[in-house]
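**Student:** Contents of upload_8.cif (mmCIF, C-alpha atoms (C1' of nucleotides)) are below:
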data_model
loop_
_atom_site.label_atom_id
_atom_site.label_comp_id
_atom_site.auth_asym_id
_atom_site.auth_seq_id
_atom_site.Cartn_x
_atom_site.Cartn_y
_atom_site.Cartn_z
CA MET A 1 120.74 94.02 111.47
CA LYS A 2 119.12 93.20 108.14
CA ASN A 3 115.95 91.19 108.18
CA LEU A 4 116.90 88.50 105.70
CA LYS A 5 114.12 86.20 106.82
CA MET A 6 111.58 88.73 105.69
CA LYS A 7 113.45 89.40 102.48
CA SER A 8 113.52 85.72 101.61
CA ALA A 9 109.89 85.17 102.60
CA ARG A 10 108.96 88.00 100.27
CA ALA A 11 111.08 86.50 97.50
CA ALA A 12 109.33 83.16 98.04
CA LYS A 13 106.05 84.89 97.25
CA ASP A 14 107.62 86.69 94.28
CA LEU A 15 106.62 90.11 95.58
CA SER A 16 108.51 93.34 95.12
CA GLN A 17 108.89 95.74 98.07
CA GLN A 18 106.38 97.92 96.28
CA GLN A 19 103.80 95.15 95.98
CA LEU A 20 104.19 94.07 99.59
CA ALA A 21 103.87 97.70 100.65
CA GLU A 22 100.59 98.01 98.79
CA ILE A 23 99.23 94.78 100.27
CA VAL A 24 99.94 95.83 103.85
CA GLY A 25 99.11 99.48 103.22
CA VAL A 26 102.37 101.27 103.91
CA SER A 27 104.92 103.04 101.76
CA ARG A 28 107.65 101.22 99.89
CA GLN A 29 110.27 103.03 101.93
CA THR A 30 108.86 101.58 105.12
CA ILE A 31 109.20 98.04 103.78
CA ASN A 32 112.69 98.83 102.57
CA ALA A 33 113.70 100.25 105.94
CA ILE A 34 112.37 97.22 107.79
CA GLU A 35 114.32 94.83 105.59
CA LYS A 36 117.36 97.03 105.89
CA GLY A 37 116.94 96.61 109.63
CA ASP A 38 117.56 100.08 110.99
CA TYR A 39 113.94 100.37 112.00
CA ASN A 40 111.49 99.60 114.75
CA PRO A 41 108.06 98.98 113.20
CA THR A 42 104.83 98.59 115.13
CA ILE A 43 103.53 95.14 115.99
CA LYS A 44 100.44 95.71 113.88
CA LEU A 45 102.54 96.27 110.78
CA CYS A 46 104.66 93.23 111.63
CA ARG A 47 101.52 91.14 111.95
CA ASP A 48 100.21 92.41 108.60
CA ILE A 49 103.51 91.60 106.92
CA CYS A 50 103.48 88.12 108.43
CA LYS A 51 99.99 87.46 107.17
CA ALA A 52 100.87 88.71 103.70
CA LEU A 53 103.86 86.38 103.60
CA ASP A 54 102.22 83.40 105.32
CA LYS A 55 104.63 83.46 108.24
CA THR A 56 104.32 84.01 111.99
CA LEU A 57 105.92 86.67 114.15
CA ASP A 58 108.46 84.21 115.49
CA GLU A 59 109.46 83.22 111.98
CA LEU A 60 110.10 86.74 110.75
CA PHE A 61 110.72 88.95 113.77
CA TRP A 62 112.20 86.80 116.53
CA ASP A 63 115.93 86.21 116.80
CA GLU A 64 117.50 83.87 119.27
CA MET B 1 91.02 93.41 122.36
CA LYS B 2 92.64 92.86 125.73
CA ASN B 3 95.93 91.04 125.80
CA LEU B 4 95.12 88.42 128.39
CA LYS B 5 98.03 86.23 127.39
CA MET B 6 100.40 88.98 128.43
CA LYS B 7 98.47 89.66 131.59
CA SER B 8 98.61 86.03 132.64
CA ALA B 9 102.29 85.66 131.71
CA ARG B 10 103.02 88.66 133.90
CA ALA B 11 100.97 87.16 136.71
CA ALA B 12 102.92 83.91 136.33
CA LYS B 13 106.08 85.86 137.08
CA ASP B 14 104.38 87.70 139.94
CA LEU B 15 105.18 91.10 138.50
CA SER B 16 103.09 94.25 138.80
CA GLN B 17 102.60 96.46 135.74
CA GLN B 18 104.94 98.88 137.44
CA GLN B 19 107.68 96.29 137.89
CA LEU B 20 107.41 95.01 134.33
CA ALA B 21 107.51 98.60 133.11
CA GLU B 22 110.77 99.18 134.98
CA ILE B 23 112.32 95.98 133.65
CA VAL B 24 111.60 96.82 130.02
CA GLY B 25 112.20 100.54 130.47
CA VAL B 26 108.83 102.07 129.69
CA SER B 27 106.16 103.81 131.73
CA ARG B 28 103.52 101.94 133.68
CA GLN B 29 100.83 103.52 131.54
CA THR B 30 102.34 101.98 128.44
CA ILE B 31 102.21 98.48 129.94
CA ASN B 32 98.67 99.12 131.10
CA ALA B 33 97.60 100.31 127.66
CA ILE B 34 99.13 97.28 125.94
CA GLU B 35 97.30 94.90 128.26
CA LYS B 36 94.14 96.89 127.82
CA GLY B 37 94.62 96.35 124.12
CA ASP B 38 93.83 99.72 122.63
CA TYR B 39 97.44 100.15 121.63
CA ASN B 40 99.93 99.36 118.91
CA PRO B 41 103.38 99.02 120.50
CA THR B 42 106.64 98.74 118.58
CA ILE B 43 108.14 95.33 117.88
CA LYS B 44 111.18 96.21 119.96
CA LEU B 45 109.02 96.78 123.03
CA CYS B 46 107.10 93.57 122.34
CA ARG B 47 110.38 91.66 122.13
CA ASP B 48 111.58 93.18 125.40
CA ILE B 49 108.32 92.25 127.11
CA CYS B 50 108.57 88.70 125.77
CA LYS B 51 112.10 88.32 127.07
CA ALA B 52 111.12 89.68 130.47
CA LEU B 53 108.26 87.19 130.67
CA ASP B 54 110.11 84.23 129.10
CA LYS B 55 107.72 84.02 126.19
CA THR B 56 108.01 84.39 122.43
CA LEU B 57 106.25 86.84 120.13
CA ASP B 58 103.88 84.15 118.90
CA GLU B 59 102.93 83.29 122.46
CA LEU B 60 102.06 86.82 123.52
CA PHE B 61 101.30 88.83 120.39
CA TRP B 62 99.98 86.46 117.76
CA ASP B 63 96.30 85.55 117.51
CA GLU B 64 94.89 83.02 115.12
"C1'" DA C 1 122.38 98.69 74.45
"C1'" DT C 2 118.52 100.55 76.29
"C1'" DT C 3 114.21 100.66 78.47
"C1'" DT C 4 111.70 99.15 82.68
"C1'" DT C 5 111.45 97.61 87.21
"C1'" DT C 6 113.46 97.20 91.62
"C1'" DT C 7 116.08 98.71 95.29
"C1'" DG C 8 118.71 102.15 98.22
"C1'" DT C 9 118.70 106.46 100.34
"C1'" DA C 10 117.62 111.41 102.02
"C1'" DA C 11 115.08 115.52 103.85
"C1'" DA C 12 110.83 117.61 105.45
"C1'" DA C 13 106.14 116.89 107.01
"C1'" DT C 14 102.57 114.21 109.52
"C1'" DA C 15 100.72 110.54 112.49
"C1'" DT C 16 101.15 108.19 116.44
"C1'" DA C 17 103.87 105.63 120.22
"C1'" DC C 18 105.34 106.79 124.64
"C1'" DT C 19 106.15 109.96 128.78
"C1'" DT C 20 104.95 112.71 132.66
"C1'" DG C 21 101.97 114.09 136.22
"C1'" DA C 22 97.84 113.58 138.33
"C1'" DC C 23 93.67 111.58 140.26
"C1'" DA C 24 90.13 107.76 141.11
"C1'" DT C 25 88.90 103.10 142.02
"C1'" DA C 26 89.96 98.51 143.13
"C1'" DT C 27 92.58 95.15 145.50
"C1'" DT C 28 95.53 93.30 149.18
"C1'" DG C 29 97.60 93.31 153.73
"C1'" DT C 30 97.56 94.32 158.68
"C1'" DA D 1 88.50 99.85 159.30
"C1'" DC D 2 92.63 101.54 157.70
"C1'" DA D 3 96.90 101.78 154.98
"C1'" DA D 4 99.41 100.42 151.12
"C1'" DT D 5 99.83 98.70 146.66
"C1'" DA D 6 97.94 97.83 142.07
"C1'" DT D 7 95.19 99.12 138.26
"C1'" DG D 8 92.42 102.26 135.09
"C1'" DT D 9 92.27 106.50 132.81
"C1'" DC D 10 92.96 111.45 131.06
"C1'" DA D 11 95.36 115.52 129.08
"C1'" DA D 12 99.49 117.74 127.33
"C1'" DG D 13 104.07 117.16 125.90
"C1'" DT D 14 108.12 114.66 123.53
"C1'" DA D 15 110.11 111.06 120.68
"C1'" DT D 16 109.87 108.48 116.80
"C1'" DA D 17 107.35 105.61 113.14
"C1'" DT D 18 105.62 106.47 108.63
"C1'" DT D 19 104.59 109.39 104.45
"C1'" DT D 20 105.68 112.12 100.60
"C1'" DT D 21 108.61 113.72 97.04
"C1'" DA D 22 112.60 113.03 94.78
"C1'" DC D 23 116.86 111.20 92.81
"C1'" DA D 24 120.51 107.61 91.87
"C1'" DA D 25 122.13 103.02 91.22
"C1'" DA D 26 121.33 97.88 90.45
"C1'" DA D 27 119.00 94.33 88.35
"C1'" DA D 28 115.85 92.34 84.97
"C1'" DA D 29 113.60 92.36 80.58
"C1'" DT D 30 113.16 93.25 75.64
#
Rewrite the structure of this file - the entire thing - as structure tokens.
**Tutor:**
Amino acid sequence: MKNLKMKSARAAKDLSQQQLAEIVGVSRQTINAIEKGDYNPTIKLCRDICKALDKTLDELFWDE
Amino acid sequence: MKNLKMKSARAAKDLSQQQLAEIVGVSRQTINAIEKGDYNPTIKLCRDICKALDKTLDELFWDE
DNA sequence: ATTTTTTGTAAAATATACTTGACATATTGT
DNA sequence: ACAATATGTCAAGTATATTTTACAAAAAAT
């Protein structure tokens, strides 16, 4: 399932997938795949993304 | 850094590393390594551990 | 309309999460 | 003291996260 919370948090910061990728130090495709949802990233990357977007793990990666 | 929050949440449920490993479907060594801290598990595994221990991602895997 | 940027997607290579098996030490129970 | 269970750790293998290169389509900007 798509990660729309992440997509919207990124939009709120006015960052492209490319820019976010550079900030957290991964490739653009990795960011794209995570937002697309068919992916299982590591917790470290999730944490880095959260920090870049000023969100917590629960806000971006917890459903329920 | 050791994940003491996870270790104590597991203790609160009176589960051994072995038992938790079986519940979430990974090896005992993986659980041990995560608690030891020198490890970077996937978000899916973190979520499964949280659910098994009735905690959220922020409670077990977010520092700061 | 046409550049420019952003996003979606794919295949092959590399890095690393996770497994299996095994052994040692610590802890708990009797 | 002894037996059983729990934890710590290592090395070699397998599965998969992530990279790189590349191309096409969508959206935004001029």
**Student:** Taking the file above as input, evaluate the PyMOL selection byres ((chain C and resi 16) around 12) and report the hits as a ChimeraX atom specification.
**Tutor:** /A:41-42 /B:39-42 /C:14-15,17-18 /D:14-18
**Student:** Expanded to explicit residues, what is the PyMOL selection byres ((chain C and resi 24) around 9) for this file, as JSON, numbers by chain?
**Tutor:** {"C": [23, 25], "D": [8, 9]}
**Student:** Would you kindly translate the PyMOL selection byres ((chain A and resi 15-18) around 10) into the concrete residues it picks from this file, as an MDAnalysis selection string?
**Tutor:** (chainID A and resid 7 9:14 19:23 26:32 35 53) or (chainID C and resid 5:7)
**Student:** Select residues of chain B: the criterion is any atom within 12 Å of an atom of chain A, counting only C-alpha atoms; output as a PyMOL selection string.
**Tutor:** chain B and resi 34+37-48+50-51+55-64
**Student:** For a test of reading the model, state the distance in Å between C1' of DT5 in chain D and CA of Ala33 in chain B, rounded to one decimal.
**Tutor:**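 CA of Ala33 in chain B lies at a distance of 19.2 Å from C1' of DT5 in chain D.
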**Student:** Would you mind reading off the distance between CA of Met1 in chain A and C1' of DA10 in chain C, one decimal, in Å?
**Tutor:** 20.0 Å
**Student:** Please provide chain A as a CSV table (one decimal) with C-alpha atoms, in the frame of the given file, once it has been superposed on chain B by least squares across all sequentially paired Cα atoms.
**Tutor:**
chain,number,residue,atom,x,y,z
A,1,MET,CA,91.0,93.4,122.4
A,2,LYS,CA,92.6,92.8,125.7
A,3,ASN,CA,95.9,91.0,125.8
A,4,LEU,CA,95.1,88.4,128.4
A,5,LYS,CA,98.0,86.2,127.4
A,6,MET,CA,100.4,89.0,128.4
A,7,LYS,CA,98.5,89.7,131.6
A,8,SER,CA,98.6,86.0,132.7
A,9,ALA,CA,102.3,85.7,131.7
A,10,ARG,CA,103.0,88.6,133.9
A,11,ALA,CA,101.0,87.2,136.7
A,12,ALA,CA,102.9,83.9,136.4
A,13,LYS,CA,106.1,85.9,137.1
A,14,ASP,CA,104.4,87.7,140.0
A,15,LEU,CA,105.2,91.1,138.5
A,16,SER,CA,103.1,94.2,138.8
A,17,GLN,CA,102.6,96.5,135.7
A,18,GLN,CA,105.0,98.9,137.4
A,19,GLN,CA,107.7,96.3,137.9
A,20,LEU,CA,107.4,95.0,134.3
A,21,ALA,CA,107.5,98.6,133.1
A,22,GLU,CA,110.8,99.2,135.0
A,23,ILE,CA,112.3,96.0,133.6
A,24,VAL,CA,111.6,96.8,130.0
A,25,GLY,CA,112.2,100.5,130.5
A,26,VAL,CA,108.8,102.1,129.7
A,27,SER,CA,106.2,103.8,131.7
A,28,ARG,CA,103.5,101.9,133.7
A,29,GLN,CA,100.8,103.5,131.5
A,30,THR,CA,102.4,102.0,128.4
A,31,ILE,CA,102.2,98.5,129.9
A,32,ASN,CA,98.7,99.1,131.1
A,33,ALA,CA,97.6,100.3,127.6
A,34,ILE,CA,99.1,97.3,125.9
A,35,GLU,CA,97.3,94.9,128.2
A,36,LYS,CA,94.1,96.9,127.8
A,37,GLY,CA,94.6,96.3,124.1
A,38,ASP,CA,93.8,99.7,122.6
A,39,TYR,CA,97.4,100.1,121.6
A,40,ASN,CA,99.9,99.4,118.9
A,41,PRO,CA,103.4,99.0,120.5
A,42,THR,CA,106.6,98.7,118.6
A,43,ILE,CA,108.1,95.3,117.9
A,44,LYS,CA,111.2,96.2,120.0
A,45,LEU,CA,109.0,96.8,123.1
A,46,CYS,CA,107.1,93.6,122.3
A,47,ARG,CA,110.4,91.7,122.1
A,48,ASP,CA,111.6,93.2,125.4
A,49,ILE,CA,108.3,92.2,127.1
A,50,CYS,CA,108.6,88.7,125.8
A,51,LYS,CA,112.1,88.3,127.1
A,52,ALA,CA,111.1,89.7,130.5
A,53,LEU,CA,108.2,87.2,130.7
A,54,ASP,CA,110.1,84.2,129.1
A,55,LYS,CA,107.7,84.0,126.2
A,56,THR,CA,108.0,84.4,122.4
A,57,LEU,CA,106.3,86.8,120.1
A,58,ASP,CA,103.9,84.2,118.9
A,59,GLU,CA,102.9,83.3,122.4
A,60,LEU,CA,102.1,86.8,123.5
A,61,PHE,CA,101.3,88.8,120.4
A,62,TRP,CA,100.0,86.5,117.7
A,63,ASP,CA,96.3,85.7,117.4
A,64,GLU,CA,94.9,83.1,115.1
**Student:** What's the separation between C1' of DT20 in chain C and C1' of DC10 in chain D, in Å to one decimal place?
**Tutor:**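 Pair C1' of DT20 in chain C / C1' of DC10 in chain D returns 12.2 Å.
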